[in-house]
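These notes are about the structure you will find just below.
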Amino acid sequence: MRTIACLILFGFCVAVSPVRAEDVFDGTKPLLCASIEALDCDPGVECVRGLAEDMGAPKFVRVDFSKKEIRGPVQTAKILSMEKDDHQIVLQGYEIGMGWTFAIDRATGDARISFAGGNETFIIFGACTSNP
């Protein structure tokens with residue numbers, strides 16, 4: 001009887017235990033990321049703050065680590081470099097004349113994306129979750 005009680009308790013603990021964020025953001029599982037806010041910056045002037053979609057960024061992108069790409073509704077960007085440590089995953093690439101860096105916090109899924117080229121810099125703040 002004690003064995004059955006232990007198995008039931010073990011099953012309950014497994015069923016209600018939360019998935020660790022590090023397991024979701026480990027750089028192997030696909031992610032769905034949403035843009036939230038953005039900054040548009042030019043040299044010598046104050047940055048303009050607004051919604052990312054109003055500045056031309058897609059609302060959602062899918063990060064596919066196995067294919068090394070980030071897919072939006074219109075374009076797909078190749079991931080040219082990927083580094084990760086205990087705290088973040090950093091992706092880098094080059095698209096539409098700009099270099100970009102996409103940093104994902106492994107504990108929270110918070111994302112920071114920067115684009116730089118010519119005299120322009122864009123910074124997008126977002127959040128990622130596992131891609132079903």
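Chain labels A, B, ... are given in the sequence in which chains occur in the structure tokens; within each chain residues are numbered consecutively from 1, and ligands are likewise numbered from 1 in the order shown.
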request  = as a list in words, list the residues of chain A assigned to alpha helix (DSSP H) by DSSP on the backbone atoms of this structure.
outcome  = Arg2, Thr3, Ile4, Ala5, Cys6, Leu7, Ile8, Leu9, Phe10, Gly11, Phe12, Cys13, Val14, Ala15, Val16, Ala21, Glu22, Asp23 and Val24 of chain A
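Around Gly117 (chain A), within 7 Å and counting only C-alpha atoms, the residues found are A:Gly97, A:Met98, A:Gly99, A:Thr121, once anything fewer than 4 positions away on its own chain is removed.
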message = With only C-alpha atoms as the counted atoms, please give the residues lying no more than 8 Å from Leu39 (chain A), apart from itself and same-chain residues fewer than 5 positions off, as a ChimeraX atom specification.
response = /A:47-50,52,122-124
Atoms to include: C-alpha atoms. Write the selected residues as a PDB file, in the first residue's frame.
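Here's the written file selection.pdb:
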ATOM      1  CA  CYS A  47      15.194  58.416 -30.417  1.00  0.00           C
ATOM      2  CA  VAL A  48      11.562  57.933 -31.395  1.00  0.00           C
ATOM      3  CA  ARG A  49       9.683  55.428 -29.224  1.00  0.00           C
ATOM      4  CA  GLY A  50       6.623  53.547 -30.427  1.00  0.00           C
ATOM      5  CA  ALA A  52       7.264  47.914 -33.125  1.00  0.00           C
ATOM      6  CA  PHE A 122      16.428  50.245 -34.403  1.00  0.00           C
ATOM      7  CA  ILE A 123      15.915  48.504 -31.089  1.00  0.00           C
ATOM      8  CA  ILE A 124      12.950  46.209 -30.525  1.00  0.00           C
TER       9      ILE A 124
END
Can you pull out the residues contacting Pro73 (chain A)? Cut-off 8 Å, using only C-alpha atoms, and skip same-chain residues under 5 positions away; I want them as a PDB file with C-alpha atoms, in the first residue's frame.
ATOM      1  CA  PRO A  58       6.342  42.156 -37.613  1.00  0.00           C
ATOM      2  CA  PHE A  60       5.420  37.857 -34.428  1.00  0.00           C
ATOM      3  CA  VAL A  61       8.445  35.930 -35.668  1.00  0.00           C
TER       4      VAL A  61
END
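Interatomic distance, CA of Ala103 (chain A) against CA of Val90 (chain A): 4.4 Å.
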Residues flagged strand (DSSP E) by DSSP in chain A, as JSON, numbers by chain = {"A": [31, 32, 33, 34, 35, 36, 37, 38, 39, 40, 41, 48, 49, 50, 51, 60, 61, 62, 63, 64, 69, 70, 71, 76, 77, 78, 81, 82, 83, 84, 88, 89, 90, 91, 92, 93, 94, 95, 98, 99, 100, 101, 102, 103, 104, 105, 110, 111, 112, 113, 114, 115, 116, 117, 120, 121, 122, 123, 124, 125, 126, 127, 128, 129, 130]}
request  = Identify, on the basis of only C-alpha atoms, every residue whose closest approach to Gly126 (chain A) does not exceed 10 Å; exclude the query and any residue fewer than 6 positions from it along the same chain; express the result as number ranges by chain.
outcome  = A: 33-38, 52, 59-60, 104, 109-113
Can you spit out the residues from that selection as a PDB file, in the first residue's frame, using C-alpha atoms?
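Output below, filename result20.pdb:
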ATOM      1  CA  CYS A  33       8.512  35.836 -30.343  1.00  0.00           C
ATOM      2  CA  ALA A  34       6.307  38.933 -30.179  1.00  0.00           C
ATOM      3  CA  SER A  35       7.500  42.487 -30.660  1.00  0.00           C
ATOM      4  CA  ILE A  36       6.251  44.922 -28.047  1.00  0.00           C
ATOM      5  CA  GLU A  37       7.961  48.286 -28.291  1.00  0.00           C
ATOM      6  CA  ALA A  38      10.648  49.837 -30.465  1.00  0.00           C
ATOM      7  CA  ALA A  52       7.264  47.914 -33.125  1.00  0.00           C
ATOM      8  CA  LYS A  59       4.158  41.442 -34.579  1.00  0.00           C
ATOM      9  CA  PHE A  60       5.420  37.857 -34.428  1.00  0.00           C
ATOM     10  CA  ILE A 104      16.938  36.128 -25.621  1.00  0.00           C
ATOM     11  CA  GLY A 109      12.191  34.769 -22.594  1.00  0.00           C
ATOM     12  CA  ASP A 110      12.545  38.560 -22.792  1.00  0.00           C
ATOM     13  CA  ALA A 111      14.033  39.557 -26.132  1.00  0.00           C
ATOM     14  CA  ARG A 112      16.080  42.541 -27.313  1.00  0.00           C
ATOM     15  CA  ILE A 113      16.691  42.945 -31.030  1.00  0.00           C
TER      16      ILE A 113
END
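Taking CA of Pro30 (chain A) and CA of Phe65 (chain A) as the two end points, the separation is 6.3 Å.
With CA of Phe25 (chain A) on one side and CA of Phe102 (chain A) on the other, the separation reads 13.4 Å.
Between Asp26 (chain A) and the residues A:Gln88, A:Thr101, A:Asn119, A:Asn131, the shortest atom-to-atom distance, using only C-alpha atoms, involves A:Gln88.
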request  = Could you give me, as a PyMOL selection string, the residues within 10 Å of His87 (chain A), counting only C-alpha atoms and dropping anything in the same chain fewer than 5 positions from it?
outcome  = chain A and resi 22+25+104-108
query = Of the candidates A:Ala57, A:Thr129, A:Ile70, A:Thr28, which shows the shortest atom-to-atom distance to Phe115 (chain A), using only C-alpha atoms?
reply = A:Ala57
request  = Identify, on the basis of only C-alpha atoms, every residue whose closest approach to Arg71 (chain A) does not exceed 9 Å; exclude the query and any residue fewer than 6 positions from it along the same chain; express the result as number ranges by chain.
outcome  = A: 60-64, 77-78
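Taking only C-alpha atoms into account, Gly72 (chain A) lies nearest to A:Leu32 out of the set A:Ile89, A:Leu32, A:Ile96, A:Met55.
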